[in-house]
Amino acid sequence: MGRFFLLFLLPMLLFGTSVKPFKWQDGESFLTFLERKKLPQSIYYNLDKEDQKLTEDIPYSANCQMLVDEKHIIRQILIPVNDELQLQIYLTPKNRYEMQVTPIVSQEYTENLYVPIQSLPYDDILKATGSKNLASEFVKMFKGKVDFRKGFKIGDPIVLIYTQKYRLGKPFSMPEVHGAMIEINGKRVTVYRHSDGRFYDEKGGQYEKFLFKIPINNPRITSGFTKSRYHPVLHRYRAHLGVDFGARPGTPILATGDGRVCFAGSSRGYGNTIKIRHSNGLTSLYAHQKSFRSGIHNGTSVKQGEVIGYVGSSGLSSGPHLHFGMYAGSRAIDPLGVMKKKTEGFSGKERKTFLALRDKMDSIFKKVLRTKPIKKPYFDFDGTYYVDISTFKPKPF
Ligand SMILES: [Zn+2]
C-alpha cells in the first residue's frame, strides 16, 4: 500500500505539475485574459490577423485547461474555439510564450437511441442520455409537426439516430442527428437530415422555417464558413466563423431578420460591429463596417431588410467586405444554413439521393424498434466543449 502510494506520488514530486481546469469568462477579451494571467501581450500581437480574430470567438464558458508547474509557472493553456480547433499557449525552452491553433482530436460514434415515452419527449431523452443538446435538437426537428403536450400514450416510441463526438470517453460538442421518429397512438412521424444539413419529412418537404435573409444585395461570397481547415501553404490550422461578402465601401448592410441590436460598437478584430439578437435565440453579427446608420445603437429594434450600416474595412480587415456571423448562444454556426430557401421539394439526382437516405433511415428505425428500449442513462453530458491537457500534441520546436 505504502509503496503503491509512493509510486503514485513520485512523478508528482519530481515534476510537480498540475492541470487546472477553468471556464472562459463571459465577455472577457483575450488581451484582458492575458493580463489577468500575467502573460505577455506579445502572445496576441505576434499572431497574424486571422488568428487574432479567432480569439474573439471563444465561446462563453468554454472548458479550458491550464498546466502549471511546481514554481507556479504556466506551462501550457488550452482554449477551445469550437469543437474542432483550440488555441494552445505554451512556454518554449527559451522561456518565451507562444501560441498556435491546433486541432482537437476526437472520436465519433453513430448511436441509435430508442426511448419509450414516459412523460414528455424532451424529458425522456434527457433522462435517457443526459444530453440537453440532443433533447432540444429533437424538439426542434418536430416543431410545428407534432404537439408535444398532448396525444401521447405511455410507451409510445421515440427513435433517434445521431453521431456524437467523444474525447477520452466523454461526449462533447453538438450531436448531429441523421434521422428521428416518433409514434403517437400508432401514427408514425419521421424527420430526415438531407445532405444539405437540413431536416425534411418523408416526402422531402421541409420542417424548418428559415426566417433569415442574406444581409446584402447582389451578394458575392469571397470566403465561406469553416470550423477547421488546414492551410497547405501556411501549414497551419484556420477557422473562418462567418461568411465574407465582397462589396464596395458604403454598400448598405441589411438586418438578416427582425430583432434587437444587442451590440453596436468597436472591437479590435472585427472593427465597427453590430450584433442583433433574434427571437429564436440566434444572434447575427456584421463586422468591419465603415459606419452605422444613424439611429442604430444598443437596444434599437430592427426589421428584416432594414439598413443598419455600411460596408467598410475597419478592424483587422484586408479590404472592404462584410463579415457576417451567426451564433447559437456564443457558438458560431454557418450563417447560410439558416437562410431562406425555396421548399418545392427535390427533383432529379437530388431526389434520388434523398430517397435512398430516407429508405436507409427507415430500415434502421425498423431494426431499432425490434431491440429493447434504453432503461438508464449511459453517459454524463453537460453539453460544453471538453479538451484534455494530457493529450497535448508535441510542441513544434
Ligand atoms: Zn470574415
# chains A, B, ... in the order shown; residues from 1 in each chain; ligands from 1
call {"tool": "residues_near_ligand", "arguments": {"ligand": "ligand 1", "cutoff": "9 Å", "atoms": "only C-alpha atoms and all ligand atoms", "output": "PyMOL selection string"}}
result
chain A and resi 50+53+222-225+240-245+270+287-288+317+321-325
call {"tool": "closest_residue", "arguments": {"among": "A:Ile296, A:Val101, A:Gly345, A:Thr92", "to": "Gln206 of chain A", "atoms": "only C-alpha atoms"}}
result
A:Gly345
call {"tool": "select_by_dssp", "arguments": {"residues": "segment 80-271 of chain A", "states": "strand (DSSP E or B)", "output": "NGL selection string"}}
result
:A and (80 or 85-91 or 97-103 or 107-116 or 157-167 or 170-184 or 187-193 or 199-200 or 206 or 212 or 221-223 or 226-231 or 236-240 or 243-246 or 252-254 or 259-267 or 271)
call {"tool": "closest_residue", "arguments": {"among": "A:Gly281, A:Pro21, A:Pro80, A:Gly197", "to": "Gln65 of chain A", "atoms": "only C-alpha atoms"}}
result
A:Pro21
call {"tool": "atom_distance", "arguments": {"atom1": "atom CA of Lys165 of chain A", "atom2": "atom CA of Ser18 of chain A"}}
result
26.3 Å
call {"tool": "select_by_dssp", "arguments": {"residues": "segment 15-128 of chain A", "states": "helix (DSSP H, G or I)", "output": "list in words"}}
result
Phe15, Phe30, Leu31, Thr32, Phe33, Leu34, Glu35, Arg36, Ser42, Ile43, Tyr44, Tyr45, Lys49, Glu50, Asp51, Gln52, Lys53, Leu54, Thr55, Glu56, Asp57, Pro121, Tyr122, Asp123, Asp124, Ile125, Leu126, Lys127 and Ala128 of chain A
call {"tool": "closest_residue", "arguments": {"among": "A:Tyr200, A:Tyr114, A:Tyr162, A:Tyr286", "to": "Ile182 of chain A", "atoms": "only C-alpha atoms"}}
result
A:Tyr114
call {"tool": "decode", "arguments": {"residues": "segment 234-298 of chain A", "atoms": "C-alpha atoms", "output": "PDB file, in the first residue's frame"}}
result
ATOM      1  CA  LEU A 234       0.831  28.431 -44.363  1.00  0.00           C
ATOM      2  CA  HIS A 235       0.997  24.956 -42.740  1.00  0.00           C
ATOM      3  CA  ARG A 236      -1.451  25.894 -40.067  1.00  0.00           C
ATOM      4  CA  TYR A 237      -4.997  25.375 -38.986  1.00  0.00           C
ATOM      5  CA  ARG A 238      -7.564  28.002 -39.808  1.00  0.00           C
ATOM      6  CA  ALA A 239     -11.183  28.653 -38.956  1.00  0.00           C
ATOM      7  CA  HIS A 240     -13.487  31.212 -40.521  1.00  0.00           C
ATOM      8  CA  LEU A 241     -16.522  31.565 -38.298  1.00  0.00           C
ATOM      9  CA  GLY A 242     -18.689  33.520 -40.690  1.00  0.00           C
ATOM     10  CA  VAL A 243     -19.274  34.342 -44.342  1.00  0.00           C
ATOM     11  CA  ASP A 244     -17.475  37.174 -46.143  1.00  0.00           C
ATOM     12  CA  PHE A 245     -19.305  39.172 -48.780  1.00  0.00           C
ATOM     13  CA  GLY A 246     -17.095  41.282 -51.035  1.00  0.00           C
ATOM     14  CA  ALA A 247     -18.663  44.706 -51.688  1.00  0.00           C
ATOM     15  CA  ARG A 248     -17.757  48.317 -52.369  1.00  0.00           C
ATOM     16  CA  PRO A 249     -17.241  50.558 -49.353  1.00  0.00           C
ATOM     17  CA  GLY A 250     -20.505  52.203 -48.419  1.00  0.00           C
ATOM     18  CA  THR A 251     -22.754  49.371 -49.665  1.00  0.00           C
ATOM     19  CA  PRO A 252     -25.786  49.162 -47.316  1.00  0.00           C
ATOM     20  CA  ILE A 253     -25.844  46.305 -44.832  1.00  0.00           C
ATOM     21  CA  LEU A 254     -29.311  44.875 -44.121  1.00  0.00           C
ATOM     22  CA  ALA A 255     -30.622  43.233 -40.962  1.00  0.00           C
ATOM     23  CA  THR A 256     -30.914  39.499 -41.690  1.00  0.00           C
ATOM     24  CA  GLY A 257     -34.078  39.215 -39.608  1.00  0.00           C
ATOM     25  CA  ASP A 258     -36.284  41.063 -37.111  1.00  0.00           C
ATOM     26  CA  GLY A 259     -34.607  41.616 -33.784  1.00  0.00           C
ATOM     27  CA  ARG A 260     -32.997  43.962 -31.340  1.00  0.00           C
ATOM     28  CA  VAL A 261     -29.479  45.403 -31.564  1.00  0.00           C
ATOM     29  CA  CYS A 262     -27.512  43.990 -28.614  1.00  0.00           C
ATOM     30  CA  PHE A 263     -24.128  45.448 -29.558  1.00  0.00           C
ATOM     31  CA  ALA A 264     -23.161  48.433 -31.706  1.00  0.00           C
ATOM     32  CA  GLY A 265     -19.566  49.409 -31.188  1.00  0.00           C
ATOM     33  CA  SER A 266     -15.989  48.639 -31.958  1.00  0.00           C
ATOM     34  CA  SER A 267     -13.891  45.535 -31.351  1.00  0.00           C
ATOM     35  CA  ARG A 268     -10.217  45.179 -32.241  1.00  0.00           C
ATOM     36  CA  GLY A 269     -10.551  42.317 -34.647  1.00  0.00           C
ATOM     37  CA  TYR A 270     -13.999  42.875 -36.115  1.00  0.00           C
ATOM     38  CA  GLY A 271     -13.853  46.689 -36.184  1.00  0.00           C
ATOM     39  CA  ASN A 272     -17.191  48.506 -36.214  1.00  0.00           C
ATOM     40  CA  THR A 273     -19.582  45.715 -35.356  1.00  0.00           C
ATOM     41  CA  ILE A 274     -23.313  45.331 -34.875  1.00  0.00           C
ATOM     42  CA  LYS A 275     -24.915  42.318 -33.248  1.00  0.00           C
ATOM     43  CA  ILE A 276     -28.641  41.635 -33.469  1.00  0.00           C
ATOM     44  CA  ARG A 277     -30.457  39.225 -31.181  1.00  0.00           C
ATOM     45  CA  HIS A 278     -33.371  37.421 -32.846  1.00  0.00           C
ATOM     46  CA  SER A 279     -36.423  35.912 -31.200  1.00  0.00           C
ATOM     47  CA  ASN A 280     -35.390  32.280 -31.842  1.00  0.00           C
ATOM     48  CA  GLY A 281     -32.239  32.616 -29.721  1.00  0.00           C
ATOM     49  CA  LEU A 282     -29.841  33.256 -32.607  1.00  0.00           C
ATOM     50  CA  THR A 283     -27.596  36.312 -32.808  1.00  0.00           C
ATOM     51  CA  SER A 284     -26.273  37.752 -36.082  1.00  0.00           C
ATOM     52  CA  LEU A 285     -23.034  39.740 -36.375  1.00  0.00           C
ATOM     53  CA  TYR A 286     -21.979  42.310 -39.003  1.00  0.00           C
ATOM     54  CA  ALA A 287     -18.292  43.231 -38.886  1.00  0.00           C
ATOM     55  CA  HIS A 288     -15.730  45.595 -40.484  1.00  0.00           C
ATOM     56  CA  GLN A 289     -18.342  48.310 -41.084  1.00  0.00           C
ATOM     57  CA  LYS A 290     -17.412  51.762 -42.324  1.00  0.00           C
ATOM     58  CA  SER A 291     -20.144  53.309 -40.190  1.00  0.00           C
ATOM     59  CA  PHE A 292     -23.526  52.546 -38.662  1.00  0.00           C
ATOM     60  CA  ARG A 293     -26.765  54.027 -39.952  1.00  0.00           C
ATOM     61  CA  SER A 294     -27.720  56.954 -37.756  1.00  0.00           C
ATOM     62  CA  GLY A 295     -30.179  55.962 -35.073  1.00  0.00           C
ATOM     63  CA  ILE A 296     -28.773  52.439 -34.765  1.00  0.00           C
ATOM     64  CA  HIS A 297     -27.425  51.776 -31.297  1.00  0.00           C
ATOM     65  CA  ASN A 298     -27.628  49.271 -28.473  1.00  0.00           C
TER      66      ASN A 298
END
